[in-house]
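This report concerns only the one structure given below.
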Amino acid sequence: MSNESRSRDALDPTTVRLLGDAPAAGAGAPAALREAVLARVAADAATMLTVRGADGDWTELLPGIRRKLLFSDPESGTEAFLLRAEPGARLPPHSHDHDEHCLVLEGDVGYGETIRLGSGDYHLARRGSEHAAAHTETGALVYIQNVRIPPGA
């Protein structure tokens with residue numbers, strides 16, 4: 001997260017809550033208050049992640065399809081990302097070695113001739129499943145979360 005994003009959110013609800021939990025004013029209170037607030041913000045940052053719409057990079061996955069990584073946990077193999085597809089874009093058929101959760105945020109997505117998804121539609125592809133080619137007529141913005149399942153689970 002950029003420093004600009006942090007300063008823009010200086011008085012978000014979490015910061016206000018932290019200030020309310022800070023020690024009462026007294027001798028040396030400004031420095032103590034600052035340290036208490038910074039320590040609490042750091043503790044919360046270790047358990048929460050916020051990615052702003054303007055933050056992060058879009059990388060080309062295939063012609064007409066870009067990917068923006070939101071979260072990745074190398075230890076578990078879980079990841080979350082956005083896909084933005086231009087009108088007419090296609091993904092080749094593919095199989096899944098993980099459960100894949102897909103939520104269409106904007107536009108349309110089709111898998112082969114049988115599955116058609118629009119804004120607000122959810123699709124789950126279980127580990128071991130195979131997708132027909134994915135395509136969009138109007139373009140799409142899709143949230144995808146891949147959840148790795150340990151072997152034998």
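Here's how to read the names in the structure tokens: chain A, B, ... by the order shown, residue numbers from 1 in each chain, ligand numbers from 1 in the order shown.
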
Shell around Leu83 in chain A at 7 Å using only C-alpha atoms, local window under 5 positions removed, as a ChimeraX atom specification: /A:65-68,141-143

Find the residues around His96 in chain A up to 8 Å (only C-alpha atoms counted), leave out those fewer than 4 positions away in its own chain, and share them as a ChimeraX atom specification. /A:100,125-130

Name the residues in contact with Pro63 in chain A at a cut-off of 9 Å, using only C-alpha atoms, excluding same-chain residues fewer than 5 positions from it; report them as a ChimeraX atom specification. /A:85-86,89-90

As a PyMOL selection string, please: every residue in range 32-139 of chain A that DSSP puts in alpha helix (DSSP H). chain A and resi 32-47

Mind pulling up the distance from CA of Asp73 in chain A to CA of Val109 in chain A? 26.8 Å

Hey, what's within 9 Å of Gln145 in chain A if we count only C-alpha atoms and toss same-chain stuff fewer than 6 positions away? As a PyMOL selection string, please? chain A and resi 78-82+99-103
